[in-house]
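*Asks:* Quick one: the structure is below, questions incoming.
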Amino acid sequence: MQAIVADGTDLVDRTVDLPRPGPRDLLVEVRAVSVNPVDTKVRAGNSGERILGWDAAGTVVAAGGEVSGFAAGDEVYYAGDITRPGANAQFHVVDERIVGHKPASLSFAEAAAMPLTTITAWESLFDHFRATPETTGSLVVVAAAGGVGSILVQLAGALTGLRVIGTASRPESAEWVRTMGAHDVVGHRDLRQAVSDVDYLFTSYSKGQIDTYAEVLRPFGEIVAIDDERQDLSPLKSKSITWHWELMFTRPMHHTADMDQQGRLLDETAALLDKGTLRHTMTTAVDDFSAAGIGHAHELVASGRAIGKVVVHR
């Protein structure tokens, strides 16, 4: 099969062996992938050869002997497992437990924009913050125009009673966050002046921001962070603020007992998308499923100025 391989930090088109599905695996013909910051980070530190890509939509062509929820011909979407080869290829193998049925109302490209960011946002909101439809108070979403922020704002607005405040740095970003349903939008640098007594805060970029978070959060407030910064969290102690790490690959990496929760939440999200309760977050579509097309998408994501999601499709 054809694949885009990261050879060191270079992306190259290669012919590689067709992967064989294990007992719980699906073999998927990939129609579209989206690029996330994790792709650019893994590529930057890559020293061997590997296939990247952790967001995909496509059609099942074969299933392992123990698969029960899918069959050949099913259209699916998923984020995969960072410990296995990625989806930047003609065909891809993925565990059925972390796969959802593609929203019928979305194209493959639109669907590919959703899984990784949806799982991250869902786990942040419902696993870590333990939000319910009755949950009220305030939620700040830092960098709300990004991939995760775009879906987290929507999920919180549709499925909880939280007041959602998004941060954005440019007029076009702020407008996007409003279209996602945020109640308020403030500048990244204006957080201290704009908000106080915040109940929950989600951040994808916490470097140098701990003092600010400690000031704007109420006592016993909570933070979910998805970045990799190692820093002093002691300013949070006097208010007993809880710090949660979120990594959407945790369940597949460690084969947790509830690994299939990711497949279920993707099915729930598909229903919400098909009802129009949520909207897809694809903003840029690259019609070039090759090393050149994937490389262009990487450049857009690495620029830090992308709004929503960048997708590469066939």
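Naming scheme: A, B, ... for chains in displayed order of the structure tokens; residues 1 onward per chain; ligands 1 onward as shown.
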Which residues come within 7 Å of segment 25-27 of chain A, counting only C-alpha atoms, excluding same-chain residues fewer than 6 positions away, as a PyMOL selection string?

*Replies:* chain A and resi 60-64+67+91-96

*Asks:* Counting only C-alpha atoms, what is within 6 Å of segment 140-155 of chain A, bar same-chain residues fewer than 6 positions away, as JSON, numbers by chain?

*Replies:* {"A": [117, 121, 165, 166, 167, 168, 173, 177, 180, 201, 202, 203, 307, 308, 309]}

*Asks:* Those residues you just picked out, can you put them in a file as a PDB file, in the first residue's frame with C-alpha atoms?

*Replies:*
```pdb
ATOM      1  CA  THR A 117     -10.175  16.913  19.657  1.00  0.00           C
ATOM      2  CA  ALA A 121     -12.635  17.816  25.090  1.00  0.00           C
ATOM      3  CA  ILE A 165     -15.598  32.156  28.288  1.00  0.00           C
ATOM      4  CA  GLY A 166     -13.117  31.660  25.456  1.00  0.00           C
ATOM      5  CA  THR A 167      -9.784  33.373  24.950  1.00  0.00           C
ATOM      6  CA  ALA A 168      -8.605  34.502  21.524  1.00  0.00           C
ATOM      7  CA  SER A 173     -10.219  33.966  16.135  1.00  0.00           C
ATOM      8  CA  VAL A 177     -15.118  31.346  19.111  1.00  0.00           C
ATOM      9  CA  MET A 180     -18.862  28.046  18.397  1.00  0.00           C
ATOM     10  CA  LEU A 201     -10.304  26.349  33.310  1.00  0.00           C
ATOM     11  CA  PHE A 202      -9.062  24.347  30.314  1.00  0.00           C
ATOM     12  CA  THR A 203      -5.651  25.171  28.849  1.00  0.00           C
ATOM     13  CA  ILE A 307      -8.398  28.263  13.423  1.00  0.00           C
ATOM     14  CA  GLY A 308     -10.352  25.035  13.798  1.00  0.00           C
ATOM     15  CA  LYS A 309      -8.880  21.970  12.075  1.00  0.00           C
TER      16      LYS A 309
END
```

*Asks:* Nearest to Asn36 of chain A: which of A:Val12, A:Ala79, A:Ala57, A:Met253 is it, counting only C-alpha atoms?

*Replies:*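 Closest candidate: A:Ala79.
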
*Asks:* Report as a ChimeraX atom specification all protein, DNA and RNA residues lying within 10 Å of Leu106 of chain A, evaluated on only C-alpha atoms, omitting residues in the same chain fewer than 2 positions from it.

*Replies:* /A:102-104,108-112,270,273-274,279-280

*Asks:* Could you please take those selected residues and save C-alpha atoms as a PDB file, in the first residue's frame?

*Replies:*
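selection-v1.pdb written:
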```pdb
ATOM      1  CA  LYS A 102     -18.936   8.237  11.043  1.00  0.00           C
ATOM      2  CA  PRO A 103     -21.621  10.920  11.283  1.00  0.00           C
ATOM      3  CA  ALA A 104     -23.883  10.348   8.288  1.00  0.00           C
ATOM      4  CA  PHE A 108     -15.046  11.960   5.268  1.00  0.00           C
ATOM      5  CA  ALA A 109     -12.960  15.142   5.414  1.00  0.00           C
ATOM      6  CA  GLU A 110     -15.326  16.849   7.848  1.00  0.00           C
ATOM      7  CA  ALA A 111     -15.510  13.733  10.018  1.00  0.00           C
ATOM      8  CA  ALA A 112     -11.716  13.357  10.134  1.00  0.00           C
ATOM      9  CA  ALA A 270     -21.928  11.514  15.746  1.00  0.00           C
ATOM     10  CA  LEU A 273     -23.479  16.230  14.828  1.00  0.00           C
ATOM     11  CA  ASP A 274     -26.233  14.607  12.767  1.00  0.00           C
ATOM     12  CA  ARG A 279     -20.982  21.429  14.120  1.00  0.00           C
ATOM     13  CA  HIS A 280     -17.767  20.130  12.587  1.00  0.00           C
TER      14      HIS A 280
END
```

*Asks:* Among segment 27-93 of chain A, which ones does DSSP place in strand (DSSP E or B), written as a ChimeraX atom specification?

*Replies:* /A:27-35,49-51,56-63,75-78,89,91-93

*Asks:* I'd like to know which of A:Ile4, A:Leu265, A:Leu159, A:Met282 is closest to Ala306 of chain A, using only C-alpha atoms.

*Replies:*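 Selected residue with least distance to Ala306 of chain A: A:Met282.
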
*Asks:* Pick from A:Gly208, A:Gly22, A:Gly80, A:Gly304: nearest to Ser169 of chain A, with only C-alpha atoms counted?

*Replies:*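 Of A:Gly208, A:Gly22, A:Gly80, A:Gly304, the one nearest Ser169 of chain A, counting only C-alpha atoms, is A:Gly304.
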
*Asks:* If we count only C-alpha atoms, what is near Arg43 of chain A at a cut-off of 8 Å, once residues fewer than 5 positions away on the same chain are taken out, given as an MDAnalysis selection string?

*Replies:* chainID A and resid 6 8:9 52

*Asks:* Grab the atom CA of His296 of chain A to atom CA of Thr284 of chain A distance for me, in Å with one decimal place.

*Replies:*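 Separating atom CA of His296 of chain A from atom CA of Thr284 of chain A is a distance of 11.1 Å.
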
*Asks:* Excluding Ala56 of chain A and any residue of its chain fewer than 3 positions from it, enumerate the residues within 8 Å of it, using only C-alpha atoms, and give them as number ranges by chain.

*Replies:* A: 30-34, 53, 77-80, 87, 111-113, 115

*Asks:* With distances taken over only C-alpha atoms, which of A:Ile51, A:Ser238, A:Gly73, A:Val5 is nearest to Val28 of chain A?

*Replies:* A:Gly73

*Asks:* Would you please give, as a PyMOL selection string, all residues of segment 162-256 of chain A that DSSP assigns to helix (DSSP H, G or I) based on the backbone?

*Replies:* chain A and resi 171-180+188-194+210-216+234-239+250-254
